[in-house]
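> Mind looking over this structure? Questions follow.
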Amino acid sequence: MTSSTHPPEPTADELAGLRDLVAAAKTVIVGFDGPLCRLYDPLTARTAADSLTALLAEHGVPAGDVPGRTPLALLRSLTLGALDDDPALSTALDELLTGSEVAATLTARPAPYADNLVRTWSAVGTRLAVATGHSADAVHAYLAGRGLTACFGPHVYGRTDGLIHLGHDAPPRALAALGADPAEALVLGSTPEDLRAARDAGAPFLGYARDLPAYDRLRAAGAPLVTGTLEPVRQAVWELNLPRR
């Protein structure tokens, strides 16, 4: 671990491994909050989390207060089985979370190099999908605002069945919808949940961490390769698809 707030620079071996992953991927499943953008800033994240916590408290469901936790992470930390007897609460939480996510797309910041990476992958014919625990409505709104809709087409797989899955089922759904061989795919994600979903789907995983805590969480979860920048990914896509002389 380093004392810097930034993830360590990829080693030569890690860059070679990253290039191998890119070269083998005919289909890429991209996470949303992280690989594509920073959906919430600290203020909007706190406001949304406070609203969810207040709604839970009204129904007698405790939610621990962890500063900096995103609204989605807050709900993932709950024992969601406790909501089975209160479908109205589950629906209300889902609607509140979706509303905050859609609103957050208006101020979301793109991850550095993400737009260019997506456009490059799309231009060379790689099939792309978004798989996330966030609302598909939020993803579509963000992609439209960045001019990226055509790169993904209809292949946006967000939260389904209220709060049951919170995105864990999204990568397998994306791969199935695209008819993709998991061994020839790549999941680009930023959380341990993304890593577990990729493993369950049988697909290789590349972690993206925008800061050191995110990097450490992915490494602790067993991610074999984590990058703190998407630039070497974009560079690999570009170089691997240059015309051969």
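Quick note on naming: the chains in the structure tokens go A, B, ... in the order shown, residues restart at 1 in each chain, and ligands are numbered from 1 in order of appearance.
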Go through segment 177-224 of chain A residue by residue and, counting only C-alpha atoms, keep those with an atom at most 10 Å from segment 114-137 of chain A; for each kept residue give the shortest atom pair and its distance in Å to one decimal, ordered by chain and increasing number, as a Markdown table.

```
| residue | atom | partner | partner_atom | distance |
| --- | --- | --- | --- | --- |
| A:Ala177 | CA | A:Ala129 | CA | 9.6 |
| A:Leu178 | CA | A:Arg127 | CA | 8.1 |
| A:Ala180 | CA | A:Arg127 | CA | 9.1 |
| A:Ala185 | CA | A:Arg127 | CA | 9.3 |
| A:Leu186 | CA | A:Leu128 | CA | 9.8 |
| A:Val187 | CA | A:Ala131 | CA | 8.9 |
| A:Leu188 | CA | A:Val130 | CA | 9.5 |
| A:Gly189 | CA | A:Ala131 | CA | 9.1 |
| A:Glu193 | CA | A:Gly133 | CA | 9.4 |
| A:Asp194 | CA | A:Thr132 | CA | 8.3 |
| A:Ala197 | CA | A:Ala131 | CA | 9.9 |
```
> Taking only segment 94-238 of chain A into account, list the residues labelled strand (DSSP E or B) by DSSP (computed from the backbone), as a list in words.
Arg109, Pro110, Arg127, Leu128, Ala129, Val130, Ala131, Val156, Tyr157, Ala185, Leu186, Val187, Leu188, Gly189, Phe205, Leu206, Gly207, Tyr208, Val226 and Thr227 of chain A
> Take the selection from the previous step and output its residues with all heavy atoms, as a short mmCIF file (atom, residue, chain, number, x, y, z; two decimals), in the first residue's frame.

```cif
data_model
loop_
_atom_site.label_atom_id
_atom_site.label_comp_id
_atom_site.auth_asym_id
_atom_site.auth_seq_id
_atom_site.Cartn_x
_atom_site.Cartn_y
_atom_site.Cartn_z
N ARG A 109 -19.60 13.59 -13.36
CA ARG A 109 -18.35 13.90 -14.03
C ARG A 109 -17.82 12.65 -14.73
O ARG A 109 -17.70 11.58 -14.10
CB ARG A 109 -17.31 14.40 -13.03
CG ARG A 109 -17.70 15.69 -12.35
CD ARG A 109 -16.67 16.09 -11.30
NE ARG A 109 -15.34 16.29 -11.90
CZ ARG A 109 -14.25 16.56 -11.19
NH1 ARG A 109 -14.31 16.63 -9.87
NH2 ARG A 109 -13.09 16.73 -11.80
N PRO A 110 -17.51 12.72 -16.02
CA PRO A 110 -16.99 11.54 -16.71
C PRO A 110 -15.65 11.10 -16.14
O PRO A 110 -14.83 11.94 -15.75
CB PRO A 110 -16.84 12.01 -18.16
CG PRO A 110 -16.72 13.50 -18.08
CD PRO A 110 -17.57 13.91 -16.90
N ARG A 127 -18.36 -5.08 -29.20
CA ARG A 127 -19.73 -4.94 -28.70
C ARG A 127 -19.70 -4.48 -27.25
O ARG A 127 -18.94 -5.02 -26.44
CB ARG A 127 -20.48 -6.27 -28.82
CG ARG A 127 -20.66 -6.73 -30.26
CD ARG A 127 -21.48 -7.99 -30.33
NE ARG A 127 -20.86 -9.09 -29.60
CZ ARG A 127 -21.45 -10.27 -29.39
NH1 ARG A 127 -22.68 -10.48 -29.81
NH2 ARG A 127 -20.80 -11.23 -28.73
N LEU A 128 -20.52 -3.49 -26.95
CA LEU A 128 -20.49 -2.85 -25.63
C LEU A 128 -21.85 -2.93 -24.95
O LEU A 128 -22.90 -2.85 -25.60
CB LEU A 128 -20.10 -1.38 -25.77
CG LEU A 128 -18.72 -1.07 -26.33
CD1 LEU A 128 -18.57 0.43 -26.57
CD2 LEU A 128 -17.62 -1.57 -25.41
N ALA A 129 -21.81 -3.06 -23.64
CA ALA A 129 -23.02 -2.99 -22.82
C ALA A 129 -22.67 -2.36 -21.50
O ALA A 129 -21.52 -2.43 -21.05
CB ALA A 129 -23.62 -4.37 -22.61
N VAL A 130 -23.64 -1.73 -20.86
CA VAL A 130 -23.49 -1.23 -19.50
C VAL A 130 -24.23 -2.19 -18.58
O VAL A 130 -25.38 -2.55 -18.85
CB VAL A 130 -24.06 0.19 -19.33
CG1 VAL A 130 -23.95 0.64 -17.88
CG2 VAL A 130 -23.33 1.17 -20.24
N ALA A 131 -23.58 -2.60 -17.50
CA ALA A 131 -24.21 -3.45 -16.50
C ALA A 131 -23.98 -2.83 -15.14
O ALA A 131 -22.83 -2.57 -14.76
CB ALA A 131 -23.64 -4.87 -16.55
N VAL A 156 -28.23 -1.64 -22.18
CA VAL A 156 -28.06 -1.08 -20.84
C VAL A 156 -28.84 -1.96 -19.88
O VAL A 156 -30.06 -2.10 -20.02
CB VAL A 156 -28.55 0.38 -20.77
CG1 VAL A 156 -28.54 0.87 -19.33
CG2 VAL A 156 -27.68 1.27 -21.64
N TYR A 157 -28.16 -2.55 -18.93
CA TYR A 157 -28.78 -3.50 -18.01
C TYR A 157 -28.58 -2.99 -16.59
O TYR A 157 -27.48 -3.07 -16.02
CB TYR A 157 -28.17 -4.89 -18.21
CG TYR A 157 -28.33 -5.33 -19.64
CD1 TYR A 157 -27.33 -5.06 -20.58
CD2 TYR A 157 -29.51 -5.92 -20.07
CE1 TYR A 157 -27.49 -5.41 -21.92
CE2 TYR A 157 -29.69 -6.27 -21.41
CZ TYR A 157 -28.67 -6.00 -22.33
OH TYR A 157 -28.85 -6.33 -23.65
N ALA A 185 -15.14 -12.24 -23.40
CA ALA A 185 -15.68 -10.96 -22.95
C ALA A 185 -14.75 -10.37 -21.90
O ALA A 185 -13.77 -10.98 -21.47
CB ALA A 185 -17.09 -11.14 -22.39
N LEU A 186 -15.07 -9.15 -21.50
CA LEU A 186 -14.33 -8.47 -20.43
C LEU A 186 -15.31 -7.63 -19.64
O LEU A 186 -16.12 -6.90 -20.23
CB LEU A 186 -13.25 -7.56 -21.03
CG LEU A 186 -12.46 -6.69 -20.04
CD1 LEU A 186 -11.67 -7.56 -19.06
CD2 LEU A 186 -11.53 -5.74 -20.79
N VAL A 187 -15.28 -7.75 -18.33
CA VAL A 187 -16.07 -6.90 -17.45
C VAL A 187 -15.14 -5.84 -16.87
O VAL A 187 -14.14 -6.16 -16.23
CB VAL A 187 -16.73 -7.71 -16.32
CG1 VAL A 187 -17.44 -6.77 -15.34
CG2 VAL A 187 -17.71 -8.72 -16.89
N LEU A 188 -15.44 -4.58 -17.15
CA LEU A 188 -14.69 -3.45 -16.62
C LEU A 188 -15.50 -2.85 -15.48
O LEU A 188 -16.53 -2.21 -15.69
CB LEU A 188 -14.45 -2.41 -17.71
CG LEU A 188 -13.75 -1.10 -17.31
CD1 LEU A 188 -12.38 -1.37 -16.72
CD2 LEU A 188 -13.67 -0.15 -18.50
N GLY A 189 -15.07 -3.10 -14.25
CA GLY A 189 -15.86 -2.68 -13.09
C GLY A 189 -15.01 -2.01 -12.04
O GLY A 189 -13.77 -1.99 -12.12
N PHE A 205 -12.05 -10.08 -15.65
CA PHE A 205 -12.38 -8.82 -14.99
C PHE A 205 -11.18 -7.90 -14.99
O PHE A 205 -10.05 -8.32 -14.71
CB PHE A 205 -12.82 -9.09 -13.55
CG PHE A 205 -13.14 -7.85 -12.75
CD1 PHE A 205 -14.37 -7.23 -12.88
CD2 PHE A 205 -12.21 -7.32 -11.86
CE1 PHE A 205 -14.68 -6.10 -12.14
CE2 PHE A 205 -12.51 -6.18 -11.12
CZ PHE A 205 -13.75 -5.57 -11.26
N LEU A 206 -11.44 -6.63 -15.30
CA LEU A 206 -10.44 -5.58 -15.16
C LEU A 206 -11.01 -4.54 -14.21
O LEU A 206 -12.08 -3.98 -14.46
CB LEU A 206 -10.13 -4.93 -16.51
CG LEU A 206 -9.21 -3.70 -16.48
CD1 LEU A 206 -7.84 -4.05 -15.89
CD2 LEU A 206 -9.05 -3.10 -17.88
N GLY A 207 -10.30 -4.29 -13.12
CA GLY A 207 -10.77 -3.32 -12.15
C GLY A 207 -10.31 -1.91 -12.49
O GLY A 207 -9.18 -1.71 -12.94
N TYR A 208 -11.19 -0.95 -12.25
CA TYR A 208 -10.83 0.47 -12.38
C TYR A 208 -11.07 1.13 -11.03
O TYR A 208 -12.17 1.04 -10.46
CB TYR A 208 -11.67 1.16 -13.45
CG TYR A 208 -11.52 2.67 -13.41
CD1 TYR A 208 -10.31 3.27 -13.76
CD2 TYR A 208 -12.56 3.49 -12.99
CE1 TYR A 208 -10.16 4.65 -13.69
CE2 TYR A 208 -12.41 4.86 -12.93
CZ TYR A 208 -11.21 5.44 -13.28
OH TYR A 208 -11.04 6.80 -13.21
N VAL A 226 -5.89 -4.28 -11.49
CA VAL A 226 -6.63 -3.05 -11.22
C VAL A 226 -5.81 -1.88 -11.76
O VAL A 226 -4.60 -1.79 -11.50
CB VAL A 226 -6.86 -2.85 -9.70
CG1 VAL A 226 -7.67 -1.58 -9.45
CG2 VAL A 226 -7.57 -4.05 -9.10
N THR A 227 -6.45 -0.99 -12.48
CA THR A 227 -5.78 0.20 -13.00
C THR A 227 -6.43 1.45 -12.43
O THR A 227 -7.65 1.50 -12.25
CB THR A 227 -5.81 0.24 -14.54
OG1 THR A 227 -5.15 1.43 -15.00
CG2 THR A 227 -7.24 0.24 -15.07
#
```
> Looking at only C-alpha atoms, which of A:Pro71, A:Gly60, A:Gly99, A:Pro112 is the one that sits closest to Val233 of chain A?
A:Pro112
> Env of His168 of chain A: 12 Å cut, atoms = only C-alpha atoms, seq-sep filter 2 positions within chain, self excluded. Answer as a VMD selection string.
chain A and resid 31 76 131 to 134 157 to 161 163 to 166 170 to 174 189 191 to 201
> Would you list the contacts of Ala23 of chain A as a list in words, taking every protein, DNA or RNA residue within 9 Å and counting only C-alpha atoms, but skipping same-chain residues closer than 5 positions in sequence?
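Counting only the stated atoms, we get Leu18, Ala236, Val237 and Leu240 of chain A.
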> Could you tell me, as a PyMOL selection string, which residues of segment 109-243 of chain A DSSP assigns to alpha helix (DSSP H) when given the backbone?
chain A and resi 114-123+136-146+149-152+170-178+192-201+212-221+231-240
> Within 12 Å of segment 42-51 of chain A, counting only C-alpha atoms, which residues show up once you throw out same-chain ones fewer than 6 positions away? Write them as a VMD selection string, please.
chain A and resid 57 to 58 63 to 75 92 to 108
> Go through A:Glu184, A:Phe32, A:Ser77, A:Trp238 one by one, measure the shortest atom-to-atom distance of each to His140 of chain A using only C-alpha atoms, and give the residue with the smallest value.
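Using only C-alpha atoms, His140 of chain A sits closest to A:Phe32.
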